[in-house]
$ cat data_2.csv   # CSV, C-alpha atoms
chain,number,residue,atom,x,y,z
A,1,MET,CA,0.0,0.0,0.0
A,2,ARG,CA,1.3,3.4,-0.9
A,3,ASN,CA,1.9,6.1,1.8
A,4,ILE,CA,-1.2,8.3,2.2
A,5,SER,CA,-0.8,11.8,3.5
A,6,PHE,CA,-3.2,13.3,6.0
A,7,SER,CA,-3.7,16.5,4.0
A,8,GLY,CA,-3.2,17.1,0.3
A,9,PRO,CA,-3.0,20.8,-0.7
A,10,ASP,CA,-4.5,21.3,-4.2
A,11,ILE,CA,-1.6,23.4,-5.4
A,12,THR,CA,-0.7,23.3,-9.2
A,13,ASP,CA,1.5,25.2,-11.6
A,14,GLN,CA,-1.4,27.7,-11.9
A,15,GLU,CA,-0.9,28.8,-8.3
A,16,ILE,CA,2.9,28.7,-8.5
A,17,ASN,CA,2.8,30.9,-11.6
A,18,ALA,CA,0.4,33.3,-10.0
A,19,VAL,CA,2.6,33.7,-7.0
A,20,ILE,CA,5.6,34.3,-9.2
A,21,GLU,CA,3.6,36.9,-11.1
A,22,VAL,CA,2.8,38.8,-7.9
A,23,ILE,CA,6.4,38.7,-6.7
A,24,LYS,CA,7.7,40.0,-10.0
A,25,SER,CA,5.0,42.8,-10.1
A,26,GLY,CA,6.4,44.4,-6.9
A,27,TRP,CA,2.8,44.9,-5.7
A,28,LEU,CA,2.7,42.4,-2.8
A,29,ALA,CA,-0.3,43.5,-0.9
A,30,HIS,CA,-3.7,45.2,-1.6
A,31,GLY,CA,-3.5,43.7,-5.1
A,32,LYS,CA,-5.9,42.1,-7.6
A,33,TYR,CA,-5.6,38.6,-6.3
A,34,SER,CA,-6.9,39.6,-2.8
A,35,LYS,CA,-10.0,41.1,-4.5
A,36,LYS,CA,-10.4,38.1,-6.8
A,37,LEU,CA,-10.2,35.6,-3.9
A,38,GLY,CA,-13.0,37.5,-2.1
A,39,GLN,CA,-15.1,37.5,-5.2
A,40,LEU,CA,-14.7,33.8,-5.7
A,41,PHE,CA,-15.6,33.2,-2.1
A,42,CYS,CA,-18.8,35.2,-2.4
A,43,GLU,CA,-19.8,33.3,-5.5
A,44,PHE,CA,-19.2,30.0,-3.9
A,45,THR,CA,-20.8,30.6,-0.5
A,46,GLY,CA,-23.5,33.0,-1.6
A,47,ALA,CA,-22.3,35.7,0.8
A,48,LYS,CA,-22.9,39.3,-0.2
A,49,TYR,CA,-19.6,40.5,1.2
A,50,CYS,CA,-16.2,39.0,2.0
A,51,THR,CA,-12.7,40.2,3.0
A,52,THR,CA,-9.4,38.4,3.4
A,53,ILE,CA,-7.7,38.1,6.7
A,54,SER,CA,-4.3,37.0,8.0
A,55,ASN,CA,-5.7,33.9,9.6
A,56,CYS,CA,-9.0,32.6,11.0
A,57,THR,CA,-8.1,33.4,14.6
A,58,ALA,CA,-7.6,37.1,13.6
A,59,GLY,CA,-11.0,37.1,12.0
A,60,LEU,CA,-12.7,35.7,15.1
A,61,HIS,CA,-10.8,38.2,17.2
A,62,LEU,CA,-12.0,41.2,15.2
A,63,LEU,CA,-15.6,39.9,15.1
A,64,CYS,CA,-15.6,39.6,18.9
A,65,ILE,CA,-14.5,43.2,19.1
A,66,ILE,CA,-17.2,44.3,16.6
A,67,ALA,CA,-19.7,42.3,18.6
A,68,GLY,CA,-18.8,44.4,21.6
A,69,PHE,CA,-17.7,41.6,23.8
A,70,GLY,CA,-15.8,42.8,26.8
A,71,GLU,CA,-15.1,42.7,30.6
A,72,GLY,CA,-17.9,41.0,32.5
A,73,ASP,CA,-19.4,39.4,29.3
A,74,GLU,CA,-19.7,35.6,28.7
A,75,VAL,CA,-19.5,34.0,25.3
A,76,ILE,CA,-20.5,30.3,24.9
A,77,VAL,CA,-18.1,28.2,22.8
A,78,PRO,CA,-17.8,24.4,22.4
A,79,ALA,CA,-15.4,22.5,24.7
A,80,GLN,CA,-14.2,20.5,21.8
A,81,THR,CA,-12.6,22.9,19.3
A,82,HIS,CA,-9.3,24.5,18.5
A,83,THR,CA,-8.1,26.8,21.2
A,84,ALA,CA,-8.4,29.7,18.8
A,85,THR,CA,-12.2,29.8,19.2
A,86,ALA,CA,-11.9,30.5,22.9
A,87,HIS,CA,-8.8,32.7,22.6
A,88,ALA,CA,-10.7,35.1,20.3
A,89,VAL,CA,-13.2,35.7,23.1
A,90,GLU,CA,-10.6,36.0,25.9
A,91,TYR,CA,-8.6,38.6,23.9
A,92,THR,CA,-11.5,41.1,24.4
A,93,GLY,CA,-11.6,40.6,28.2
A,94,ALA,CA,-14.8,38.6,28.0
A,95,GLN,CA,-15.0,35.0,29.4
A,96,ALA,CA,-15.2,32.0,27.1
A,97,VAL,CA,-17.8,29.7,28.7
A,98,PHE,CA,-17.6,26.1,27.4
A,99,ALA,CA,-20.5,24.0,26.5
A,100,ASP,CA,-20.3,20.2,26.0
A,101,ILE,CA,-20.8,18.5,22.7
A,102,ASP,CA,-23.0,16.0,20.9
A,103,LEU,CA,-21.1,12.8,20.8
A,104,LYS,CA,-22.3,11.7,17.4
A,105,THR,CA,-21.4,14.9,15.5
A,106,GLY,CA,-18.7,16.5,17.7
A,107,ASN,CA,-20.7,19.8,17.5
A,108,ILE,CA,-21.8,22.0,20.3
A,109,SER,CA,-24.8,20.7,22.2
A,110,ILE,CA,-27.9,22.9,22.3
A,111,ASP,CA,-28.9,21.4,25.6
A,112,SER,CA,-25.5,22.3,27.0
A,113,ILE,CA,-25.8,25.9,25.6
A,114,LYS,CA,-29.0,26.3,27.5
A,115,GLU,CA,-27.4,25.0,30.7
A,116,LYS,CA,-24.5,27.5,30.3
A,117,PHE,CA,-26.6,30.5,29.5
A,118,SER,CA,-26.7,33.3,32.1
A,119,GLU,CA,-27.5,36.9,32.4
A,120,GLN,CA,-23.9,37.7,31.4
A,121,THR,CA,-24.1,35.7,28.2
A,122,LYS,CA,-23.7,38.0,25.2
A,123,GLY,CA,-22.9,35.6,22.3
A,124,ILE,CA,-22.3,32.1,21.0
A,125,ILE,CA,-19.6,30.9,18.6
A,126,PRO,CA,-20.5,27.5,17.2
A,127,VAL,CA,-17.9,25.4,15.4
A,128,HIS,CA,-18.8,23.1,12.5
A,129,MET,CA,-16.6,20.3,13.6
A,130,ALA,CA,-14.8,18.5,10.8
A,131,GLY,CA,-17.2,20.1,8.3
A,132,TYR,CA,-20.4,18.7,9.9
A,133,PRO,CA,-23.0,21.5,10.2
A,134,CYS,CA,-24.2,22.5,13.6
A,135,ASP,CA,-28.0,22.6,14.3
A,136,MET,CA,-28.3,26.2,13.1
A,137,SER,CA,-32.1,26.3,13.4
A,138,GLU,CA,-31.9,25.7,17.2
A,139,ILE,CA,-28.9,27.9,17.7
A,140,THR,CA,-30.2,30.9,15.7
A,141,SER,CA,-33.5,30.6,17.4
A,142,PHE,CA,-31.9,30.6,20.8
A,143,CYS,CA,-29.8,33.6,19.9
A,144,GLU,CA,-32.8,35.6,18.6
A,145,ILE,CA,-34.9,34.8,21.7
A,146,ASN,CA,-32.1,35.9,24.0
A,147,LYS,CA,-30.7,38.7,21.9
A,148,LEU,CA,-27.3,37.1,21.6
A,149,VAL,CA,-24.6,37.8,19.0
A,150,LEU,CA,-23.9,34.8,16.8
A,151,VAL,CA,-20.5,34.4,15.2
A,152,GLU,CA,-19.7,31.2,13.3
A,153,ASP,CA,-16.3,29.5,13.4
A,154,CYS,CA,-16.1,27.9,9.9
A,155,ALA,CA,-12.5,26.9,10.0
A,156,HIS,CA,-13.4,23.3,8.9
A,157,ALA,CA,-16.5,24.2,6.9
A,158,LEU,CA,-15.8,25.4,3.3
A,159,GLY,CA,-18.6,23.7,1.4
A,160,THR,CA,-20.7,23.0,4.5
A,161,THR,CA,-24.4,23.9,4.2
A,162,TYR,CA,-27.4,23.8,6.4
A,163,ASN,CA,-30.9,23.7,4.9
A,164,GLY,CA,-29.5,24.8,1.6
A,165,ARG,CA,-27.6,27.8,3.0
A,166,HIS,CA,-23.8,27.9,3.3
A,167,VAL,CA,-22.6,28.1,6.9
A,168,GLY,CA,-21.1,31.4,8.0
A,169,LEU,CA,-24.2,33.3,7.0
A,170,PHE,CA,-26.5,32.6,9.9
A,171,GLY,CA,-25.1,35.2,12.4
A,172,ILE,CA,-23.4,38.5,12.0
A,173,ALA,CA,-20.5,36.8,10.1
A,174,GLY,CA,-18.5,33.6,9.6
A,175,VAL,CA,-14.7,33.0,9.5
A,176,PHE,CA,-12.9,30.4,7.3
A,177,SER,CA,-9.4,29.2,7.6
A,178,PHE,CA,-6.7,28.7,4.9
A,179,TYR,CA,-4.2,26.9,7.1
A,180,PRO,CA,-2.1,24.3,5.2
A,181,THR,CA,-4.3,21.3,6.2
A,182,LYS,CA,-7.6,23.0,5.1
A,183,GLN,CA,-9.5,22.4,1.9
A,184,VAL,CA,-8.1,25.6,0.3
A,185,THR,CA,-4.8,26.9,1.7
A,186,THR,CA,-2.8,30.1,1.4
A,187,GLY,CA,-0.2,28.9,4.0
A,188,GLU,CA,-1.8,31.0,6.7
A,189,GLY,CA,-4.8,33.1,6.0
A,190,GLY,CA,-8.6,33.1,5.9
A,191,VAL,CA,-11.7,35.1,5.0
A,192,VAL,CA,-14.6,36.7,6.8
A,193,VAL,CA,-18.0,36.5,5.1
A,194,SER,CA,-21.2,38.4,5.9
A,195,ASN,CA,-24.4,39.6,4.4
A,196,ASN,CA,-24.0,42.8,6.4
A,197,LYS,CA,-21.7,45.4,4.6
A,198,GLU,CA,-21.2,47.4,7.8
A,199,ILE,CA,-19.6,44.3,9.4
A,200,ILE,CA,-17.2,43.7,6.6
A,201,ASP,CA,-16.3,47.4,6.4
A,202,LYS,CA,-15.4,47.4,10.1
A,203,VAL,CA,-13.3,44.2,9.6
A,204,GLU,CA,-11.4,45.9,6.8
A,205,ARG,CA,-10.6,49.0,8.8
A,206,LEU,CA,-9.7,47.0,12.0
A,207,LYS,CA,-7.4,44.6,10.1
A,208,ALA,CA,-5.4,47.5,8.6
A,209,PHE,CA,-4.6,49.6,11.7
A,210,GLY,CA,-7.9,51.5,11.7
A,211,ILE,CA,-6.8,53.4,8.5
A,212,ASP,CA,-9.8,54.9,6.9
A,213,THR,CA,-8.6,54.7,3.2
A,214,PRO,CA,-6.8,51.8,1.6
A,215,PRO,CA,-3.9,52.6,-0.7
A,216,GLU,CA,-5.8,52.1,-4.0
A,217,LEU,CA,-8.5,54.6,-3.0
A,218,ARG,CA,-6.2,57.4,-1.8
A,219,THR,CA,-6.3,60.6,-3.9
A,220,LYS,CA,-2.9,61.5,-2.7
A,221,PRO,CA,-0.3,58.8,-1.9
A,222,GLY,CA,0.4,58.5,1.8
A,223,VAL,CA,-2.5,60.7,3.0
A,224,TYR,CA,-5.0,58.9,5.2
A,225,ASP,CA,-6.6,59.1,8.7
A,226,VAL,CA,-6.8,56.7,11.6
A,227,LYS,CA,-10.1,57.0,13.3
A,228,SER,CA,-9.9,54.0,15.6
A,229,LEU,CA,-7.4,51.6,17.1
A,230,GLY,CA,-6.7,48.8,14.7
A,231,TYR,CA,-4.5,45.8,14.0
A,232,ASN,CA,-2.2,44.4,11.3
A,233,PHE,CA,-4.2,41.4,10.3
A,234,ARG,CA,-4.0,41.7,6.5
A,235,MET,CA,-3.4,38.9,4.0
A,236,THR,CA,-0.7,39.5,1.4
A,237,ASP,CA,-1.4,39.3,-2.4
A,238,ILE,CA,1.2,36.5,-2.6
A,239,GLN,CA,-1.0,34.4,-0.3
A,240,ALA,CA,-4.2,35.4,-2.2
A,241,ALA,CA,-2.6,34.3,-5.5
A,242,LEU,CA,-2.0,30.9,-4.0
A,243,GLY,CA,-5.7,30.6,-3.1
A,244,VAL,CA,-7.4,31.8,-6.2
A,245,GLY,CA,-6.9,28.8,-8.4
A,246,GLN,CA,-7.8,26.4,-5.6
A,247,MET,CA,-11.1,28.3,-5.1
A,248,GLU,CA,-11.8,28.1,-8.9
A,249,ARG,CA,-11.4,24.3,-8.7
A,250,TYR,CA,-13.0,23.8,-5.3
A,251,LYS,CA,-16.4,22.4,-6.5
A,252,LYS,CA,-14.6,19.3,-7.9
A,253,ASN,CA,-12.4,19.1,-4.7
A,254,LEU,CA,-15.6,19.1,-2.6
A,255,GLU,CA,-17.3,16.5,-4.7
A,256,LYS,CA,-14.3,14.2,-4.2
A,257,ARG,CA,-14.3,14.8,-0.4
A,258,LYS,CA,-18.0,13.9,-0.3
A,259,GLN,CA,-17.4,10.7,-2.3
A,260,ASN,CA,-14.7,9.7,0.1
A,261,GLY,CA,-16.9,10.5,3.0
A,262,ARG,CA,-19.7,8.4,1.6
A,263,LEU,CA,-17.4,5.5,1.0
A,264,TYR,CA,-15.9,5.6,4.5
A,265,THR,CA,-19.4,5.7,5.9
A,266,GLU,CA,-20.5,2.6,3.9
A,267,LEU,CA,-17.3,0.6,4.7
A,268,LEU,CA,-17.4,1.3,8.4
A,269,SER,CA,-21.1,0.9,8.9
A,270,GLY,CA,-20.8,-2.8,9.9
A,271,VAL,CA,-17.8,-2.3,12.3
A,272,GLU,CA,-19.3,-2.6,15.8
A,273,GLU,CA,-16.2,-1.0,17.5
A,274,VAL,CA,-16.6,2.4,15.8
A,275,THR,CA,-19.3,5.0,15.6
A,276,ASN,CA,-19.6,7.7,13.0
A,277,PRO,CA,-22.5,9.9,11.7
A,278,ASP,CA,-24.6,8.8,8.8
A,279,PHE,CA,-23.4,10.2,5.5
A,280,ASN,CA,-24.6,13.9,5.2
A,281,ASN,CA,-24.4,15.7,1.9
A,282,ASP,CA,-24.3,19.0,3.7
A,283,ASN,CA,-21.0,18.0,5.3
A,284,SER,CA,-17.9,19.3,3.5
A,285,TYR,CA,-15.8,16.4,4.9
A,286,PHE,CA,-12.8,18.5,5.8
A,287,ILE,CA,-11.8,15.2,7.5
A,288,PHE,CA,-13.7,12.0,8.3
A,289,GLN,CA,-14.3,11.5,12.0
A,290,LEU,CA,-14.9,8.2,13.6
A,291,ILE,CA,-15.2,7.4,17.3
A,292,PHE,CA,-14.0,4.1,18.8
A,293,ASN,CA,-16.0,2.4,21.5
A,294,LYS,CA,-14.5,2.7,25.0
A,295,ASN,CA,-13.1,-0.8,25.0
A,296,ILE,CA,-10.7,0.1,22.1
A,297,ASP,CA,-7.4,1.9,22.7
A,298,ARG,CA,-7.6,4.6,20.1
A,299,ASP,CA,-3.9,5.5,20.4
A,300,ASN,CA,-2.8,2.0,19.5
A,301,VAL,CA,-5.0,2.0,16.4
A,302,LEU,CA,-3.4,5.4,15.5
A,303,ILE,CA,0.1,3.9,15.9
A,304,LYS,CA,-0.8,1.0,13.7
A,305,LEU,CA,-2.1,3.3,10.9
A,306,LYS,CA,1.0,5.5,11.1
A,307,GLU,CA,3.2,2.4,10.8
A,308,LYS,CA,1.4,1.5,7.6
A,309,GLY,CA,2.2,5.0,6.2
A,310,ILE,CA,-1.4,6.3,6.6
A,311,GLY,CA,-1.6,9.9,7.8
A,312,VAL,CA,-4.1,10.4,10.6
A,313,SER,CA,-4.7,13.0,13.3
A,314,ILE,CA,-6.9,13.8,16.3
A,315,HIS,CA,-9.3,16.8,16.4
A,316,TYR,CA,-8.9,17.5,19.3
A,317,ALA,CA,-7.2,15.3,21.9
A,318,THR,CA,-7.6,17.7,24.8
A,319,PRO,CA,-10.8,19.7,25.3
A,320,VAL,CA,-9.9,23.4,25.5
A,321,PRO,CA,-11.2,24.0,29.0
A,322,LEU,CA,-8.8,21.3,30.2
A,323,MET,CA,-5.7,23.0,28.8
A,324,SER,CA,-3.6,24.7,31.4
A,325,TYR,CA,-4.5,28.3,30.7
A,326,TYR,CA,-8.3,27.7,31.0
A,327,LYS,CA,-8.1,24.9,33.6
A,328,ASN,CA,-6.0,27.0,35.9
A,329,LYS,CA,-8.0,30.2,35.3
A,330,TYR,CA,-11.5,28.8,35.7
A,331,GLU,CA,-10.8,25.5,37.6
A,332,TYR,CA,-12.5,23.3,35.1
A,333,LYS,CA,-12.4,19.5,35.5
A,334,ALA,CA,-12.9,16.6,33.2
A,335,SER,CA,-16.3,15.7,34.7
A,336,ASP,CA,-17.6,19.1,33.5
A,337,PHE,CA,-17.4,18.0,29.9
A,338,PRO,CA,-17.9,14.2,29.7
A,339,ASN,CA,-18.7,14.1,26.0
A,340,ALA,CA,-15.8,16.3,25.0
A,341,VAL,CA,-13.4,14.2,27.0
A,342,TYR,CA,-14.7,11.0,25.5
A,343,TYR,CA,-14.5,12.5,22.0
A,344,GLY,CA,-10.9,13.6,22.6
A,345,ASN,CA,-9.9,10.2,23.9
A,346,GLN,CA,-11.7,8.0,21.3
A,347,SER,CA,-12.0,10.0,18.1
A,348,LEU,CA,-9.7,9.7,15.1
A,349,SER,CA,-9.5,12.0,12.0
A,350,LEU,CA,-9.0,10.3,8.6
A,351,PRO,CA,-8.0,12.0,5.4
A,352,THR,CA,-10.6,12.9,2.8
A,353,HIS,CA,-8.7,15.1,0.4
A,354,ASN,CA,-9.0,14.9,-3.4
A,355,LYS,CA,-5.7,13.1,-3.9
A,356,ILE,CA,-7.1,10.0,-2.2
A,357,ASN,CA,-8.9,7.5,-4.4
A,358,GLU,CA,-11.4,4.7,-3.7
A,359,GLU,CA,-8.6,2.1,-3.4
A,360,ASP,CA,-6.9,4.3,-0.7
A,361,VAL,CA,-10.1,4.5,1.3
A,362,VAL,CA,-10.7,0.8,1.1
A,363,SER,CA,-7.1,0.2,2.3
A,364,ILE,CA,-7.4,2.6,5.2
A,365,VAL,CA,-10.6,0.9,6.4
A,366,GLU,CA,-9.1,-2.5,6.1
A,367,THR,CA,-6.1,-1.4,8.1
A,368,ILE,CA,-8.4,0.0,10.8
A,369,LYS,CA,-10.2,-3.3,11.0
A,370,GLU,CA,-6.9,-5.2,11.3
A,371,ALA,CA,-5.7,-2.8,14.0
A,372,ILE,CA,-8.9,-3.2,16.0
A,373,MET,CA,-8.5,-6.9,16.0
A,374,GLU,CA,-4.9,-6.5,17.2
A,375,VAL,CA,-5.7,-4.1,20.0
A,376,LYS,CA,-8.9,-5.7,21.3
$ encode --input "data_2.csv" --output "structure tokens"
Amino acid sequence: MRNISFSGPDITDQEINAVIEVIKSGWLAHGKYSKKLGQLFCEFTGAKYCTTISNCTAGLHLLCIIAGFGEGDEVIVPAQTHTATAHAVEYTGAQAVFADIDLKTGNISIDSIKEKFSEQTKGIIPVHMAGYPCDMSEITSFCEINKLVLVEDCAHALGTTYNGRHVGLFGIAGVFSFYPTKQVTTGEGGVVVSNNKEIIDKVERLKAFGIDTPPELRTKPGVYDVKSLGYNFRMTDIQAALGVGQMERYKKNLEKRKQNGRLYTELLSGVEEVTNPDFNNDNSYFIFQLIFNKNIDRDNVLIKLKEKGIGVSIHYATPVPLMSYYKNKYEYKASDFPNAVYYGNQSLSLPTHNKINEEDVVSIVETIKEAIMEVK
């Protein structure tokens, strides 16, 4: 069996030539590729407005500022996520309050959201884990009833929809990641999408020091004003050039990921030792998540797969509230988030990218079955 990488960036000569073009032009930021990438993202997601950002974390941070989160406020986030989701809240002085997850999907539990809600709650940031859409009907309804700000962490969710609508468009805005393992990559980077122009205008000012006029719109070079405190969270045109071609091809990439997701689901359906959600065409299948029953040592299976040259990972081994910063600050314990702990201990992330074929998926599943028999 050939070695199978965990991620497979969809980078071709088209992207390489575009990057070279930008470098040779001398116009390395605020260029045409940044604008083009935003346009392509709007076309794909159906968002009215979009802006590039240095990374997904920066986008979440700025949206937390725009939402007005601050000292004394609480914002509910899932316990099972990347630490960036919670950090974005904490940067503002607000407190990230962790809700437990649904074991089958890995997404934030609406019941746990209701348990964690308090008079100090000002917002919710759901995460579409591994590309599986959260229950946005329940979450948006809860936010509307309680006048909460909804921001979506869509780091895994390019191509994820809910009731025919692309995720990221249910709250004030959504943020997507272009980290190297993601479906589209610019090395580091991301985008913020919204149907509210005012939100995107604010992000564009905040990501560029609070400057009121970008270089291409200045009537006199070097003349501009700064009307608010801002940051340096911009994406370069070099990065944007790397992403444009990938976005142009992404529909085919997404189709392949869904094919792989469907095949994993079918092949694993009869394996009693693992649990995974039914195939969901709304899922973008950033990765394929499976959960081993408690009698299986997940780590031993992972080692067996790695020994066979199969790239796998864990999303995420340690729930965020049990990492030292949050555990020490808020005195959380494992019993506070039983589902997130179980998910972190027993889940495994399998590759789905478009460089994997049907034979690869079959080989991966056969190796998992063999590993289960060895570690039982």
$ closest_residue --input "data_2.csv" --among "A:Thr367, A:Gln289, A:Ala155, A:Thr83" --to "Thr181 (chain A)" --atoms "all atoms listed in the file"
A:Ala155
$ residues_around --input "data_2.csv" --residues "Glu331 (chain A)" --least-positions-apart "4" --cutoff "9 Å" --atoms "all atoms listed in the file" --output "VMD selection string"
chain A and resid 321 to 322 326 to 327
$ closest_residue --input "data_2.csv" --among "A:Gln183, A:Gln259, A:Asn3, A:Gly189" --to "Asp237 (chain A)" --atoms "only C-alpha atoms"
A:Gly189
$ residues_around --input "data_2.csv" --residues "region 90-97 of chain A" --least-positions-apart "6" --cutoff "10 Å" --atoms "only C-alpha atoms" --output "ChimeraX atom specification"
/A:61-62,64-65,68-79,84,113,116-117,120-125,321,326,330
$ closest_residue --input "data_2.csv" --among "A:Ala371, A:Val175, A:Val149, A:Ala99" --to "Ala58 (chain A)" --atoms "only C-alpha atoms"
A:Val175
$ closest_residue --input "data_2.csv" --among "A:Pro126, A:Gly270, A:Pro180, A:Pro351" --to "Ile310 (chain A)" --atoms "only C-alpha atoms"
A:Pro351
$ atom_distance --input "data_2.csv" --atom1 "CA of Ser324 (chain A)" --atom2 "CA of Leu348 (chain A)"
23.0 Å
$ atom_distance --input "data_2.csv" --atom1 "CA of Gly230 (chain A)" --atom2 "CA of Asp201 (chain A)"
12.8 Å
$ residues_around --input "data_2.csv" --residues "Gly309 (chain A)" --least-positions-apart "2" --cutoff "7 Å" --atoms "all atoms listed in the file" --output "list in words"
Asn3, Ile4, Leu305, Lys306, Glu307 and Gly311 of chain A
$ atom_distance --input "data_2.csv" --atom1 "CA of Val274 (chain A)" --atom2 "CA of Ser335 (chain A)"
23.1 Å
$ residues_around --input "data_2.csv" --residues "Ser141 (chain A)" --least-positions-apart "2" --cutoff "12 Å" --atoms "only C-alpha atoms" --output "list in words"
Ile110, Lys114, Ile124, Asp135, Met136, Ser137, Glu138, Ile139, Cys143, Glu144, Ile145, Asn146, Lys147, Leu148, Val149, Leu150, Phe170 and Gly171 of chain A
$ closest_residue --input "data_2.csv" --among "A:Val312, A:Ile20, A:Ala241, A:Ala130" --to "Asn283 (chain A)" --atoms "only C-alpha atoms"
A:Ala130
$ closest_residue --input "data_2.csv" --among "A:Lys333, A:Asn17, A:Val341, A:Lys308" --to "Glu366 (chain A)" --atoms "all atoms listed in the file"
A:Lys308
$ build_atoms --input "data_2.csv" --residues "region 305-325 of chain A" --atoms "N, CA and C atoms" --output "tab-separated table (two decimals), in the frame of the given file"
chain	number	residue	atom	x	y	z
A	305	LEU	N	-1.86	2.59	12.20
A	305	LEU	CA	-2.10	3.30	10.90
A	305	LEU	C	-0.85	4.03	10.48
A	306	LYS	N	-0.21	4.70	11.42
A	306	LYS	CA	1.00	5.50	11.10
A	306	LYS	C	2.11	4.53	10.62
A	307	GLU	N	2.20	3.35	11.24
A	307	GLU	CA	3.20	2.40	10.80
A	307	GLU	C	3.01	1.90	9.41
A	308	LYS	N	1.74	1.92	8.95
A	308	LYS	CA	1.40	1.50	7.60
A	308	LYS	C	1.55	2.67	6.59
A	309	GLY	N	2.00	3.84	7.07
A	309	GLY	CA	2.20	5.00	6.20
A	309	GLY	C	0.90	5.75	5.91
A	310	ILE	N	-0.09	5.62	6.80
A	310	ILE	CA	-1.40	6.30	6.60
A	310	ILE	C	-1.39	7.53	7.56
A	311	GLY	N	-1.55	8.70	6.98
A	311	GLY	CA	-1.60	9.90	7.80
A	311	GLY	C	-2.93	10.10	8.45
A	312	VAL	N	-2.91	10.19	9.77
A	312	VAL	CA	-4.10	10.40	10.60
A	312	VAL	C	-3.83	11.46	11.61
A	313	SER	N	-4.87	11.95	12.27
A	313	SER	CA	-4.70	13.00	13.30
A	313	SER	C	-5.81	12.86	14.32
A	314	ILE	N	-5.82	13.78	15.29
A	314	ILE	CA	-6.90	13.80	16.30
A	314	ILE	C	-7.37	15.28	16.37
A	315	HIS	N	-8.68	15.48	16.30
A	315	HIS	CA	-9.30	16.80	16.40
A	315	HIS	C	-10.40	16.74	17.48
A	316	TYR	N	-10.13	17.05	18.73
A	316	TYR	CA	-8.90	17.50	19.30
A	316	TYR	C	-8.67	16.63	20.56
A	317	ALA	N	-7.42	16.22	20.83
A	317	ALA	CA	-7.20	15.30	21.90
A	317	ALA	C	-7.54	15.80	23.28
A	318	THR	N	-7.29	17.08	23.52
A	318	THR	CA	-7.60	17.70	24.80
A	318	THR	C	-8.64	18.77	24.67
A	319	PRO	N	-9.79	18.65	25.31
A	319	PRO	CA	-10.80	19.70	25.30
A	319	PRO	C	-10.14	21.04	25.74
A	320	VAL	N	-10.51	22.14	25.14
A	320	VAL	CA	-9.90	23.40	25.50
A	320	VAL	C	-9.97	23.79	26.94
A	321	PRO	N	-11.12	23.59	27.61
A	321	PRO	CA	-11.20	24.00	29.00
A	321	PRO	C	-10.26	23.17	29.94
A	322	LEU	N	-9.70	22.07	29.42
A	322	LEU	CA	-8.80	21.30	30.20
A	322	LEU	C	-7.33	21.55	29.89
A	323	MET	N	-7.08	22.50	28.99
A	323	MET	CA	-5.70	23.00	28.80
A	323	MET	C	-5.34	23.95	29.86
A	324	SER	N	-4.07	24.00	30.18
A	324	SER	CA	-3.60	24.70	31.40
A	324	SER	C	-4.13	26.07	31.60
A	325	TYR	N	-4.10	26.90	30.55
A	325	TYR	CA	-4.50	28.30	30.70
A	325	TYR	C	-5.97	28.35	31.24
